[in-house]
Each structure stands twice: as C-alpha cells, then as structure tokens.
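Q: Below is the file work36.cif, with mmCIF, C-alpha atoms.
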data_start
loop_
_atom_site.label_atom_id
_atom_site.label_comp_id
_atom_site.auth_asym_id
_atom_site.auth_seq_id
_atom_site.Cartn_x
_atom_site.Cartn_y
_atom_site.Cartn_z
CA MET H 9 0.00 0.00 0.00
CA LYS H 10 1.27 3.43 -0.85
CA ALA H 11 1.51 5.76 2.13
CA PRO H 12 -0.62 8.92 2.06
CA MET H 13 1.23 12.03 0.94
CA ALA H 14 2.14 14.66 3.50
CA SER H 15 0.23 17.94 3.38
CA SER H 16 1.49 21.50 3.92
CA PRO H 17 2.81 22.72 7.31
CA ALA H 18 -0.50 24.52 7.85
CA GLY H 19 -2.31 21.23 7.31
CA ALA H 20 -0.01 19.54 9.80
CA LEU H 21 -0.87 22.15 12.45
CA GLN H 22 -4.56 21.62 11.75
CA THR H 23 -4.15 17.87 12.22
CA GLU H 24 -2.48 18.40 15.61
CA ARG H 25 -5.04 20.93 16.86
CA LEU H 26 -6.42 18.57 19.52
CA LEU H 27 -3.02 18.51 21.20
CA SER H 28 -4.07 21.87 22.65
CA VAL H 29 -6.68 20.00 24.73
CA GLY H 30 -3.99 17.93 26.43
CA VAL H 31 -1.62 20.89 26.84
CA ALA H 32 -4.33 23.18 28.24
CA SER H 33 -5.63 20.48 30.59
CA THR H 34 -2.13 19.79 31.86
CA ALA H 35 -1.47 23.49 32.45
CA LEU H 36 -4.77 24.03 34.27
CA PHE H 37 -4.31 21.03 36.55
CA PHE H 38 -0.72 22.06 37.23
CA LEU H 39 -1.93 25.50 38.37
CA PHE H 40 -5.22 24.65 40.08
CA GLY H 41 -5.23 20.84 40.41
CA ASN H 42 -4.38 20.69 44.10
CA ALA H 43 -7.26 22.99 44.98
CA TRP H 44 -9.70 21.19 42.65
CA LEU H 45 -8.79 17.78 44.05
CA ALA H 46 -8.67 18.83 47.70
CA ASP H 47 -12.39 18.26 48.26
CA LEU H 48 -14.10 15.57 46.18
CA SER H 49 -17.16 15.18 48.38
CA ASN H 50 -19.46 16.58 45.69
CA PRO H 51 -20.26 13.68 43.30
CA PHE H 52 -21.08 16.01 40.40
CA TRP H 53 -17.74 17.79 40.71
CA THR H 54 -15.89 14.48 40.99
CA SER H 55 -17.72 13.13 37.93
CA PHE H 56 -16.88 16.27 35.96
CA LEU H 57 -13.17 16.00 36.83
CA PHE H 58 -13.14 12.31 35.95
CA LEU H 59 -14.75 12.89 32.56
CA TRP H 60 -12.43 15.79 31.85
CA LEU H 61 -9.29 13.86 32.73
CA PHE H 62 -10.46 10.67 31.03
CA GLY H 63 -11.36 12.56 27.85
CA ALA H 64 -8.10 14.53 27.74
CA ILE H 65 -5.97 11.42 28.29
CA LEU H 66 -7.96 9.46 25.71
CA ILE H 67 -7.52 12.21 23.10
CA CYS H 68 -3.78 12.25 23.75
CA ALA H 69 -3.63 8.45 23.63
CA PHE H 70 -5.17 8.54 20.16
CA GLY H 71 -2.53 11.10 19.18
CA VAL H 72 0.27 8.86 20.44
CA VAL H 73 -1.10 5.86 18.56
CA ARG H 74 -1.61 7.91 15.38
CA HIS H 75 2.03 8.97 15.25
CA ALA H 76 3.19 5.50 16.27
CA ASP H 77 1.09 4.10 13.42
CA CYS H 78 2.71 6.54 11.00
CA LEU H 79 6.11 5.34 12.20
CA ALA H 80 4.86 1.80 11.63
CA ILE H 81 4.07 2.65 8.01
CA LYS H 82 7.53 4.16 7.54
CA LEU H 83 9.40 1.29 9.18
CA GLY H 84 7.36 -1.64 7.85
CA GLU H 85 6.78 -4.97 9.59
CA PRO H 86 7.69 -6.18 12.14
CA PHE H 87 9.42 -2.98 13.34
CA GLY H 88 6.36 -0.81 12.77
CA THR H 89 4.03 -2.87 14.90
CA LEU H 90 6.73 -3.14 17.57
CA VAL H 91 6.97 0.67 17.78
CA LEU H 92 3.19 0.98 18.05
CA THR H 93 3.01 -1.70 20.74
CA LEU H 94 5.85 -0.17 22.75
CA ALA H 95 4.19 3.25 22.57
CA VAL H 96 0.88 1.94 23.90
CA VAL H 97 2.39 -0.22 26.63
CA GLY H 98 4.77 2.62 27.50
CA MET H 99 1.72 4.77 28.25
CA GLU H 100 0.34 2.02 30.44
CA VAL H 101 3.58 1.59 32.39
CA MET H 102 3.89 5.34 32.92
CA MET H 103 0.28 5.64 34.10
CA ILE H 104 0.68 2.76 36.55
CA SER H 105 3.95 4.22 37.79
CA ALA H 106 2.34 7.64 38.28
CA MET H 107 -0.53 6.09 40.21
CA MET H 108 1.84 4.05 42.39
CA LEU H 109 3.74 7.21 43.32
CA THR H 110 0.55 9.15 44.16
CA GLY H 111 -0.31 9.10 47.85
CA ASP H 112 -1.29 5.79 49.42
CA SER H 113 -1.41 3.74 46.25
CA ASP H 114 -3.35 0.49 46.00
CA PRO H 115 -0.81 -2.39 46.15
CA THR H 116 -2.91 -4.37 43.66
CA MET H 117 -3.17 -1.59 41.04
CA ALA H 118 -0.39 -2.94 38.81
CA ARG H 119 -1.65 -6.51 39.06
CA ASP H 120 -5.24 -5.56 38.33
CA THR H 121 -4.21 -3.40 35.36
CA MET H 122 -2.01 -6.12 33.84
CA PHE H 123 -4.76 -8.69 34.28
CA ALA H 124 -7.29 -6.30 32.77
CA VAL H 125 -5.00 -5.71 29.78
CA LEU H 126 -4.67 -9.46 29.19
CA MET H 127 -8.42 -10.03 29.43
CA ILE H 128 -9.30 -7.01 27.26
CA VAL H 129 -6.67 -7.80 24.62
CA LEU H 130 -6.82 -11.60 24.43
CA ASN H 131 -10.59 -11.90 24.89
CA GLY H 132 -12.31 -8.57 24.22
CA LEU H 133 -10.34 -6.92 21.42
CA PHE H 134 -9.11 -10.14 19.82
CA GLY H 135 -12.65 -11.51 19.93
CA ILE H 136 -14.06 -8.38 18.28
CA ALA H 137 -11.35 -8.50 15.59
CA LEU H 138 -12.09 -12.16 14.85
CA VAL H 139 -15.84 -11.59 14.68
CA ALA H 140 -15.51 -8.46 12.52
CA GLY H 141 -12.98 -10.03 10.17
CA GLY H 142 -14.76 -13.36 10.03
CA TRP H 143 -18.11 -11.71 9.36
CA ARG H 144 -16.69 -9.84 6.36
CA HIS H 145 -14.28 -12.45 4.99
CA ARG H 146 -15.83 -15.69 6.39
CA GLU H 147 -12.43 -17.22 7.15
CA GLN H 148 -9.08 -15.52 7.73
CA SER H 149 -5.46 -16.67 7.68
CA TYR H 150 -2.41 -15.49 9.54
CA ASN H 151 1.19 -16.57 10.09
CA LEU H 152 0.95 -19.52 12.48
CA GLN H 153 4.60 -19.30 13.54
CA GLY H 154 4.21 -15.69 14.69
CA ALA H 155 1.07 -16.36 16.75
CA ASN H 156 2.66 -19.41 18.37
CA THR H 157 5.77 -17.40 19.22
CA PHE H 158 3.68 -14.80 21.04
CA LEU H 159 1.76 -17.46 22.98
CA THR H 160 4.91 -19.43 23.81
CA MET H 161 6.23 -16.28 25.46
CA LEU H 162 2.95 -15.28 27.09
CA VAL H 163 2.42 -18.53 28.99
CA PRO H 164 5.61 -18.52 31.10
CA LEU H 165 5.70 -14.73 31.58
CA ALA H 166 2.06 -14.65 32.75
CA ALA H 167 2.77 -17.59 35.08
CA PHE H 168 5.91 -15.97 36.52
CA GLY H 169 4.36 -12.53 36.87
CA LEU H 170 0.76 -13.20 37.91
CA VAL H 171 0.43 -16.77 39.20
CA LEU H 172 3.62 -17.85 40.99
CA PRO H 173 3.78 -14.75 43.26
CA TYR H 174 0.57 -15.98 44.90
CA TYR H 175 2.39 -19.12 46.04
CA ALA H 176 5.70 -17.37 46.82
CA GLN H 177 5.07 -17.45 50.58
CA THR H 178 3.82 -20.26 52.79
CA THR H 179 0.89 -18.04 53.76
CA THR H 180 -0.12 -17.66 50.10
CA SER H 181 0.59 -13.93 50.30
CA PRO H 182 0.74 -12.36 46.82
CA SER H 183 3.78 -10.27 47.84
CA LEU H 184 7.33 -10.96 46.64
CA SER H 185 10.56 -11.19 48.58
CA VAL H 186 13.53 -9.14 47.35
CA LEU H 187 15.33 -12.21 45.99
CA ARG H 188 12.26 -13.41 44.08
CA ALA H 189 11.59 -9.88 42.83
CA VAL H 190 15.08 -9.48 41.41
CA THR H 191 14.94 -12.97 39.89
CA LEU H 192 11.61 -12.13 38.25
CA ILE H 193 13.05 -8.93 36.78
CA VAL H 194 16.01 -10.78 35.28
CA ILE H 195 13.85 -13.60 33.85
CA THR H 196 11.24 -11.25 32.40
CA ILE H 197 13.65 -8.81 30.77
CA GLY H 198 15.94 -11.60 29.57
CA LEU H 199 13.16 -13.54 27.86
CA TYR H 200 11.75 -10.39 26.28
CA CYS H 201 15.17 -9.42 24.88
CA VAL H 202 15.45 -12.85 23.28
CA PHE H 203 11.96 -12.42 21.82
CA LEU H 204 12.85 -9.02 20.36
CA ALA H 205 15.93 -10.54 18.72
CA VAL H 206 13.76 -13.24 17.16
CA GLN H 207 11.09 -10.76 16.05
CA THR H 208 13.38 -8.16 14.52
CA ARG H 209 16.55 -9.97 13.44
CA ARG H 210 16.48 -13.76 13.27
CA HIS H 211 12.90 -14.54 12.20
CA PRO H 212 11.04 -11.35 11.20
CA ASP H 213 9.18 -13.35 8.54
CA TYR H 214 7.23 -15.05 11.34
CA PHE H 215 5.42 -11.76 11.95
CA ARG H 216 4.57 -10.86 8.36
CA GLU H 217 1.37 -11.70 6.54
CA ALA H 218 0.97 -15.36 5.57
CA ALA H 219 1.59 -16.20 1.93
CA GLY H 220 -1.48 -16.24 -0.28
CA VAL H 221 -3.61 -13.88 1.82
CA HIS H 222 -5.92 -11.77 -0.36
CA PHE H 223 -6.07 -8.23 0.97
CA SER H 224 -9.02 -5.91 0.62
CA ASP H 225 -9.10 -3.22 -2.05
CA GLU H 226 -7.03 -0.02 -1.94
CA ALA H 227 -9.70 2.02 -0.18
CA ALA H 228 -10.14 -0.55 2.57
CA GLU H 229 -6.39 -0.82 3.02
CA ALA H 230 -6.11 2.95 3.34
CA SER H 231 -8.80 2.95 6.02
CA GLU H 232 -6.61 0.58 8.04
CA HIS H 233 -4.43 3.59 8.83
CA ALA H 234 -7.39 6.01 8.88
CA GLY H 235 -5.85 8.17 6.15
CA PHE H 236 -2.89 9.21 8.30
CA GLU H 237 -0.53 11.73 6.71
CA VAL H 238 2.91 10.14 6.80
CA ARG H 239 5.86 12.47 7.16
CA SER H 240 9.44 11.97 8.32
CA ILE H 241 10.51 9.70 11.17
CA PRO H 242 11.86 12.63 13.28
CA PHE H 243 8.58 14.54 12.79
CA HIS H 244 6.42 11.69 14.10
CA SER H 245 8.91 10.82 16.86
CA VAL H 246 8.86 14.35 18.30
CA LEU H 247 5.08 14.67 18.12
CA LEU H 248 4.63 11.21 19.62
CA LEU H 249 6.53 12.44 22.69
CA ALA H 250 4.55 15.70 22.70
CA TRP H 251 1.26 13.77 22.80
CA LEU H 252 2.65 11.36 25.41
CA LEU H 253 3.67 14.01 27.95
CA PRO H 254 0.09 15.07 28.92
CA VAL H 255 -0.82 11.40 29.39
CA ILE H 256 1.95 10.99 31.95
CA LEU H 257 1.28 14.25 33.80
CA LEU H 258 -2.51 13.88 33.92
CA ALA H 259 -2.33 10.24 35.06
CA LYS H 260 -1.44 11.27 38.63
CA LYS H 261 -4.50 13.53 38.78
CA LEU H 262 -6.71 10.78 37.43
CA ALA H 263 -5.33 8.43 40.09
CA VAL H 264 -6.59 10.76 42.84
CA VAL H 265 -10.09 10.89 41.34
CA LEU H 266 -10.22 7.13 40.76
CA ASP H 267 -9.10 6.31 44.29
CA ASP H 268 -11.60 8.69 45.88
CA GLY H 269 -14.46 7.59 43.63
CA ALA H 270 -13.81 3.88 44.20
CA GLU H 271 -13.69 4.43 47.97
CA ARG H 272 -16.90 6.45 48.10
CA LEU H 273 -18.84 4.15 45.76
CA GLY H 274 -17.55 0.97 47.34
CA ALA H 275 -16.38 -0.18 43.90
CA PRO H 276 -14.19 -3.28 43.61
CA PRO H 277 -10.43 -2.56 43.64
CA ALA H 278 -9.99 -4.14 40.19
CA LEU H 279 -12.25 -1.52 38.61
CA SER H 280 -9.50 1.13 38.62
CA GLY H 281 -7.21 -1.23 36.74
CA LEU H 282 -9.97 -1.92 34.23
CA VAL H 283 -10.50 1.82 33.64
CA VAL H 284 -6.77 2.40 33.06
CA ALA H 285 -6.55 -0.57 30.68
CA LEU H 286 -9.57 0.56 28.65
CA LEU H 287 -8.21 4.08 28.47
CA ILE H 288 -4.87 2.97 27.05
CA LEU H 289 -6.03 0.11 24.81
CA THR H 290 -8.94 1.79 23.01
CA PRO H 291 -6.85 3.35 20.19
CA GLU H 292 -4.80 0.20 19.57
CA GLY H 293 -7.95 -1.93 19.69
CA MET H 294 -9.49 0.16 16.93
CA ALA H 295 -6.32 -0.26 14.85
CA GLY H 296 -6.51 -4.02 15.32
CA MET H 297 -10.16 -4.13 14.29
CA ARG H 298 -9.48 -2.03 11.16
CA ALA H 299 -6.70 -4.42 10.22
CA ALA H 300 -9.00 -7.44 10.61
CA LEU H 301 -11.68 -5.78 8.48
CA GLY H 302 -9.02 -5.24 5.80
CA ASN H 303 -8.21 -8.99 5.98
CA ARG H 304 -4.86 -8.27 7.60
CA LEU H 305 -5.34 -10.55 10.56
CA GLN H 306 -1.60 -10.95 11.04
CA ARG H 307 -1.38 -7.24 11.85
CA SER H 308 -4.17 -7.68 14.42
CA VAL H 309 -2.29 -10.61 15.94
CA ASN H 310 0.94 -8.60 16.06
CA LEU H 311 -0.79 -5.59 17.66
CA LEU H 312 -2.94 -7.40 20.21
CA PHE H 313 -0.74 -10.31 21.20
CA GLY H 314 2.25 -7.96 21.17
CA ALA H 315 0.44 -5.61 23.57
CA ALA H 316 -0.35 -8.49 25.93
CA LEU H 317 3.22 -9.78 25.87
CA THR H 318 4.86 -6.37 26.22
CA THR H 319 2.52 -5.49 29.10
CA ILE H 320 3.84 -8.37 31.19
CA ALA H 321 7.44 -7.96 30.03
CA LEU H 322 7.66 -4.21 30.79
CA THR H 323 5.14 -3.60 33.57
CA VAL H 324 6.35 -6.32 35.94
CA PRO H 325 9.97 -5.10 36.06
CA ALA H 326 8.86 -1.45 36.22
CA VAL H 327 6.53 -1.83 39.19
CA ILE H 328 8.97 -4.08 41.04
CA CYS H 329 11.75 -1.51 40.62
CA ILE H 330 9.44 1.26 41.89
CA SER H 331 8.46 -0.90 44.86
CA LEU H 332 12.09 -1.67 45.74
CA ALA H 333 13.13 1.98 45.34
CA THR H 334 10.24 3.57 47.25
CA GLY H 335 9.28 0.85 49.70
CA LYS H 336 5.69 0.85 48.45
CA SER H 337 4.03 -2.54 48.73
CA ILE H 338 2.87 -4.37 45.61
CA GLN H 339 0.90 -7.57 45.16
CA LEU H 340 1.27 -9.39 41.85
CA GLY H 341 -0.35 -12.76 42.54
CA LEU H 342 -3.87 -13.22 41.19
CA SER H 343 -6.63 -14.77 43.27
CA PRO H 344 -7.47 -18.42 42.51
CA THR H 345 -10.47 -17.26 40.47
CA GLY H 346 -8.31 -14.94 38.41
CA GLN H 347 -5.73 -17.68 37.93
CA ILE H 348 -8.37 -20.03 36.52
CA LEU H 349 -9.65 -17.38 34.11
CA LEU H 350 -6.09 -16.58 33.01
CA VAL H 351 -5.28 -20.25 32.37
CA VAL H 352 -8.52 -20.77 30.41
CA THR H 353 -7.82 -17.64 28.34
CA LEU H 354 -4.31 -18.77 27.44
CA ALA H 355 -5.56 -22.27 26.63
CA VAL H 356 -8.36 -20.98 24.38
CA SER H 357 -5.96 -18.54 22.68
CA THR H 358 -3.61 -21.45 21.96
CA LEU H 359 -6.45 -23.53 20.50
CA THR H 360 -7.63 -20.57 18.42
CA CYS H 361 -4.16 -20.24 16.91
CA VAL H 362 -3.50 -23.94 16.35
CA THR H 363 -4.52 -24.05 12.67
CA GLY H 364 -3.58 -20.64 11.26
CA ARG H 365 -7.19 -19.98 10.20
CA THR H 366 -10.07 -18.43 12.15
CA ASN H 367 -13.78 -17.66 11.80
CA VAL H 368 -16.52 -15.95 13.79
CA LEU H 369 -16.92 -18.90 16.19
CA ASN H 370 -13.42 -18.32 17.57
CA GLY H 371 -14.26 -14.67 18.12
CA PHE H 372 -17.49 -15.35 20.00
CA ILE H 373 -15.72 -17.80 22.32
CA HIS H 374 -13.20 -15.12 23.29
CA LEU H 375 -15.98 -12.58 23.81
CA VAL H 376 -17.78 -14.97 26.20
CA LEU H 377 -14.59 -15.20 28.26
CA PHE H 378 -14.38 -11.41 28.34
CA VAL H 379 -17.96 -11.16 29.60
CA ALA H 380 -17.08 -13.66 32.34
CA TYR H 381 -14.12 -11.50 33.38
CA PHE H 382 -16.24 -8.34 33.37
CA VAL H 383 -18.84 -9.96 35.64
CA LEU H 384 -16.16 -11.23 38.01
CA VAL H 385 -14.72 -7.71 38.39
CA PHE H 386 -17.98 -6.50 39.93
CA GLU H 387 -18.53 -9.61 42.02
CA ALA H 388 -15.06 -9.60 43.52
#
What does this structure look like when you write it as structure tokens?
A:
Amino acid sequence: MKAPMASSPAGALQTERLLSVGVASTALFFLFGNAWLADLSNPFWTSFLFLWLFGAILICAFGVVRHADCLAIKLGEPFGTLVLTLAVVGMEVMMISAMMLTGDSDPTMARDTMFAVLMIVLNGLFGIALVAGGWRHREQSYNLQGANTFLTMLVPLAAFGLVLPYYAQTTTSPSLSVLRAVTLIVITIGLYCVFLAVQTRRHPDYFREAAGVHFSDEAAEASEHAGFEVRSIPFHSVLLLAWLLPVILLAKKLAVVLDDGAERLGAPPALSGLVVALLILTPEGMAGMRAALGNRLQRSVNLLFGAALTTIALTVPAVICISLATGKSIQLGLSPTGQILLVVTLAVSTLTCVTGRTNVLNGFIHLVLFVAYFVLVFEA
C-alpha cells in the first residue's frame, strides 16, 4: 500500500489541533489541580473531573497511537508494529507508575491493570477483531509461527508474573521477597530481549502476513491507517513524545479521582485497573479491528498479542523496581479465580491459533470469556 502524501505545514498544524486540549488540561491542573482535588465530596464535581481527565488522556492516547502508526508505516513490519506496541504499553507503564507514586497507592493496582490488559486484549479486542474479520471475509489466515511465538512467550511470563507470586510465601501472600523480585526482573527482561531478537533480526518473517492472503481493495487498506498523513521519522517521533507528555502528567491527577471515587462508591479494587486498561487500549484496539476488516489478521495478531506480551514484560519489572526503590508494597499474585480465568484464556488462545485460520466462532468464544471476566470484576 502506498503511504498517504504529506500535506502542507498549515495542514499539519490543523491535524495536531487537539493537542491543545492535552496541553491546556495539563497546564490548568498544574496550576489549580491541588485545589480542585482537595475536596471531592461533591459527586457532580468528581464526575466532571473524571470525565475531563479521562477525555483529555484518551484524546492524547489517540494522538500517540496515530504517530506510532505513521512510524509503523515508515518502518514496515515487524518494526512498525513493535513501535506501536511499545508506545501503547509505554503509556500504560507510565500511568501505573504515576498512580503508584501518588499518595497511598493500591498495592494491587499494577496486578489488576495487567490482568485487565490481558483479558481485554486476548478476549475482548481479539474476539471483536475475529468476529468483525470473520463476518466480512468468512475465514481468515495469519502466520501460524508468529502467533505461536507470542503465545509461547505469554504462557511462562504470565505464570511468573501473575500466578507464581501468589504461592511465593507459605501463607499464600501475593507479595514478593527481594530475591524473588530481582529474579523475576532478570527472567522477564531476559526472555523479552530474546523475543525481540527473534522478532526483529532472526525470524522477522514469522510476523509478516501469511503467503497467499488476499487483501481488501485499496480504499479498505487505506482505512486501516485512517488516512494518516505520513511524514518523516523525526517529525512523528517528536510529536509522539509531545502527545505522550500530557498522558503521563494527567495520570497522577486521574489516580486521585479514581481512588476517591472507588472508595466512596464501594467499587471493587480491580475496577480502577480496568479503567486504566480501557483508556490505554482503546486506540490500539481500533487499529486491530481495522486491520481485521481489511483482511490483515496478522497485523491484528501482532498488535494485540504484542500488547499483551509487552505489558507483562515491561510492567512487571517497572513496578517491582518502583516498589524496591520507594518501599511501596505491591501484590502481583492473582486470586485463585483470576488464575483459573487466566489459564482458560491462554488455553483458548492457543487452541484458536492452532490451525492458522479463524472464523466468527473463535471470536465469540473469546468474547464470552471477556464477559465472564467483566462480571467477576464486579462480584469480587
């Protein structure tokens, strides 16, 4: 597909006009945020602040993903998808870190967010992509070796990061000792570095479209990137960072509102993690669905499975390092119910990817698992 031509500088400024929302919101909360957040007893005021912060961060998240997607077009596969995935998961890691460093943080925030990301990506977004693509194209193909590589990495990393910590102590405390924490950091980062070498250098063909796949027409392919105007790599790199900065700075303010709202409403602790995950994954989920509609299921697999894998590989070391440096307590081990749902999700994902071809039935199965997770969040 030929990349869209770049417009004039004036057109570029027009395209980035919504960045002013993030910049203005950041400036206002920097100047008046402490006073606004000092008293959240009024539910209407709290709701207004939540919607404002959520909307501003979501707009900026779309901006980050847009420029990451343009870099993806410039770099090609698999480097392009890797940049997009790292940008999205980078936002997630920074938001979790900001929330951990804000006041008396919830020790389960990182765990709940990582689990929410896995459930949303592997069941919700992947299910929607399979249903949408299968509905339009009946049956879709992808590169079996790439999907299996993602899942082969996901199983041990999810077990090390979210299951084994529950059994790390004789009292079944989800907390980690220093020795186990350092060991987990080394294992997680080491495995991910090996994966990156496989993805980008030794076997990049595993993550490209399967041979013989018939793509949609030119218009549908163009819609996969939503008509983005592709410019130079430095241009998109600088603006990606410009869109990312408000996300990081506003995350701490959102953490205050989420904590207060969850406490007053008696909401389950996992709900905050679900909100953060939805906020960050919405733009990438839309990109994955557009790719599936264009019969580029391999791109959906790269985006969604890559997001799940990178979430575990980057978030676990980041939150452990913050915990060791600040003394803040973290809990990574899932409850037995969460462990069962995680195991079932990984098993179903493996079975979905066992043949290299999918249809709508596979998508509906994943969506059922997502509904089960969503119900469990509110019954916890």
Q: Can you pull out every residue within 12 Å of Gly198 (chain H), counting only C-alpha atoms, but drop anything in the same chain fewer than 5 positions away, and send it as a count of residues only?
A: 11
Q: Got a sec to resolve the PyMOL selection byres ((chain H and resi 100) around 8) on this structure and send the residues as a list in words?
A: Val96, Val97, Gly98, Met99, Val101, Met102, Met103, Ile104, Val284, Ala285, Ile288 and Thr319 of chain H
Q: For region 229-322 of chain H versus region 69-87 of chain H, which residues have an atom no more than 6 Å away, and what is each residue's nearest atom pair and distance in Å rounded to one decimal, using all atoms listed in the file, chain-then-number order, as a tab-separated table?
A:
residue	atom	partner	partner_atom	distance
H:Val238	CA	H:Cys78	CA	5.5
H:His244	CA	H:His75	CA	5.3
H:Leu248	CA	H:Val72	CA	5.0
H:Trp251	CA	H:Val72	CA	5.5
H:Pro291	CA	H:Phe70	CA	5.5
Q: Using all atoms listed in the file, can you tell me which of H:Ser357, H:Pro51, H:Glu217, H:Gly63 comes closest to Ala299 (chain H)?
A: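 Residue with the minimum atom-to-atom distance to Ala299 (chain H): H:Glu217.
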Q: Would you please work out which residue, of H:Val129, H:Ile197, H:Val324, H:Leu48, is nearest to Val309 (chain H) when using all atoms listed in the file?
A: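 Of H:Val129, H:Ile197, H:Val324, H:Leu48, the one nearest Val309 (chain H) is H:Val129, counting all atoms listed in the file.
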Q: Would you please work out which residue, of H:Cys329, H:Ala315, H:Val283, H:Leu349, is nearest to Leu133 (chain H) when using all atoms listed in the file?
A: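 Nearest to Leu133 (chain H): H:Ala315.
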Q: Fewer than 3 positions away in the same chain doesn't count, so skip those; otherwise give me all residues within 9 Å of Val376 (chain H), counting only C-alpha atoms, as a list in words.
A: Asn131, Gly132, Gly135, Gly371, Phe372, Ile373, Val379, Ala380 and Tyr381 of chain H
Q: Need to verify the contact set: Thr363 (chain H), 10 Å, all atoms listed in the file, exclusion of same-chain residues closer than 6 positions in sequence. Can you return it as a list in words?
A: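 Near neighbours after the sequence-gap exclusion: Ser149, Tyr150, Asn151 and Leu152 of chain H.
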Q: Once you have the residues from the selection above, write them out as a short mmCIF file (atom, residue, chain, number, x, y, z; two decimals), keeping the file's coordinate frame, restricted to C-alpha atoms.
A:
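Wrote it out as part-v3.cif, contents follow:
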data_model
loop_
_atom_site.label_atom_id
_atom_site.label_comp_id
_atom_site.auth_asym_id
_atom_site.auth_seq_id
_atom_site.Cartn_x
_atom_site.Cartn_y
_atom_site.Cartn_z
CA SER H 149 -5.46 -16.67 7.68
CA TYR H 150 -2.41 -15.49 9.54
CA ASN H 151 1.19 -16.57 10.09
CA LEU H 152 0.95 -19.52 12.48
#
Q: Separation of CA of Phe134 (chain H) and CA of Asn303 (chain H), in Å?
A: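 It comes out at 13.9 Å.
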Q: Smallest atom-to-atom distance to Val351 (chain H): which of H:Leu126, H:Leu59, H:Leu249, H:Ile328, using only C-alpha atoms?
A: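 Once distances to Val351 (chain H) are computed over only C-alpha atoms, the minimum belongs to H:Leu126.
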Q: Work out how far CA of Ile330 (chain H) is from CA of Pro115 (chain H), in Å to one decimal.
A: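 CA of Pro115 (chain H) sits 11.7 Å away from CA of Ile330 (chain H).
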Q: Could you check how far CA of Ala275 (chain H) sits from CA of Ser49 (chain H), in Å to one decimal?
A: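 The value is 16.0 Å.
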Q: Determine, counting all atoms listed in the file, which protein, DNA and RNA residues have an atom within 12 Å of an atom of Ala32 (chain H); residues of the same chain fewer than 4 positions away are not included. Present the result as a list in words.
A: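 With the cut-off at 12 Å, the set is Arg25, Leu26, Leu27, Ser28, Leu36, Phe37, Phe38, Leu39, Phe40, Trp60, Leu61, Ala64, Ile65, Cys68, Pro254, Leu257 and Leu258 of chain H.
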Q: Name the closest residue to Gly141 (chain H) among the candidates H:Thr360, H:Phe378, H:Ser308, H:Glu387; distances are taken between atoms, counting only C-alpha atoms.
A: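 Looking at the shortest contact to Gly141 (chain H), the residue is H:Ser308.
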Q: From the set H:Gly274, H:Pro212, H:Gly269, H:Gly335, which residue has the shortest atom-to-atom contact distance to Leu90 (chain H), counting all atoms listed in the file?
A: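 Looking at the shortest contact to Leu90 (chain H), the residue is H:Pro212.
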Q: Emit a file covering region 191-205 of chain H of the preceding structure with N, CA and C atoms, as a PDB file, in the first residue's frame.
A:
ATOM      1  N   THR H 191      14.928 -11.842  40.824  1.00  0.00           N
ATOM      2  CA  THR H 191      14.941 -12.971  39.887  1.00  0.00           C
ATOM      3  C   THR H 191      13.876 -12.806  38.813  1.00  0.00           C
ATOM      4  N   LEU H 192      12.695 -12.332  39.215  1.00  0.00           N
ATOM      5  CA  LEU H 192      11.610 -12.131  38.254  1.00  0.00           C
ATOM      6  C   LEU H 192      11.964 -11.048  37.247  1.00  0.00           C
ATOM      7  N   ILE H 193      12.615  -9.977  37.693  1.00  0.00           N
ATOM      8  CA  ILE H 193      13.045  -8.925  36.776  1.00  0.00           C
ATOM      9  C   ILE H 193      14.009  -9.475  35.735  1.00  0.00           C
ATOM     10  N   VAL H 194      14.995 -10.234  36.192  1.00  0.00           N
ATOM     11  CA  VAL H 194      16.010 -10.781  35.282  1.00  0.00           C
ATOM     12  C   VAL H 194      15.367 -11.740  34.275  1.00  0.00           C
ATOM     13  N   ILE H 195      14.497 -12.626  34.751  1.00  0.00           N
ATOM     14  CA  ILE H 195      13.854 -13.599  33.855  1.00  0.00           C
ATOM     15  C   ILE H 195      12.984 -12.891  32.825  1.00  0.00           C
ATOM     16  N   THR H 196      12.182 -11.929  33.289  1.00  0.00           N
ATOM     17  CA  THR H 196      11.239 -11.250  32.404  1.00  0.00           C
ATOM     18  C   THR H 196      11.965 -10.445  31.328  1.00  0.00           C
ATOM     19  N   ILE H 197      12.924  -9.632  31.741  1.00  0.00           N
ATOM     20  CA  ILE H 197      13.652  -8.814  30.775  1.00  0.00           C
ATOM     21  C   ILE H 197      14.489  -9.684  29.851  1.00  0.00           C
ATOM     22  N   GLY H 198      15.125 -10.720  30.394  1.00  0.00           N
ATOM     23  CA  GLY H 198      15.944 -11.597  29.571  1.00  0.00           C
ATOM     24  C   GLY H 198      15.148 -12.290  28.485  1.00  0.00           C
ATOM     25  N   LEU H 199      13.992 -12.861  28.852  1.00  0.00           N
ATOM     26  CA  LEU H 199      13.156 -13.536  27.861  1.00  0.00           C
ATOM     27  C   LEU H 199      12.651 -12.559  26.803  1.00  0.00           C
ATOM     28  N   TYR H 200      12.277 -11.352  27.240  1.00  0.00           N
ATOM     29  CA  TYR H 200      11.752 -10.389  26.281  1.00  0.00           C
ATOM     30  C   TYR H 200      12.835  -9.928  25.303  1.00  0.00           C
ATOM     31  N   CYS H 201      14.070  -9.787  25.779  1.00  0.00           N
ATOM     32  CA  CYS H 201      15.168  -9.416  24.877  1.00  0.00           C
ATOM     33  C   CYS H 201      15.397 -10.500  23.824  1.00  0.00           C
ATOM     34  N   VAL H 202      15.314 -11.759  24.239  1.00  0.00           N
ATOM     35  CA  VAL H 202      15.449 -12.849  23.276  1.00  0.00           C
ATOM     36  C   VAL H 202      14.317 -12.796  22.257  1.00  0.00           C
ATOM     37  N   PHE H 203      13.103 -12.528  22.742  1.00  0.00           N
ATOM     38  CA  PHE H 203      11.959 -12.423  21.820  1.00  0.00           C
ATOM     39  C   PHE H 203      12.161 -11.301  20.812  1.00  0.00           C
ATOM     40  N   LEU H 204      12.629 -10.142  21.278  1.00  0.00           N
ATOM     41  CA  LEU H 204      12.853  -9.023  20.361  1.00  0.00           C
ATOM     42  C   LEU H 204      13.889  -9.373  19.305  1.00  0.00           C
ATOM     43  N   ALA H 205      14.921 -10.115  19.696  1.00  0.00           N
ATOM     44  CA  ALA H 205      15.926 -10.536  18.719  1.00  0.00           C
ATOM     45  C   ALA H 205      15.315 -11.451  17.673  1.00  0.00           C
TER      46      ALA H 205
END
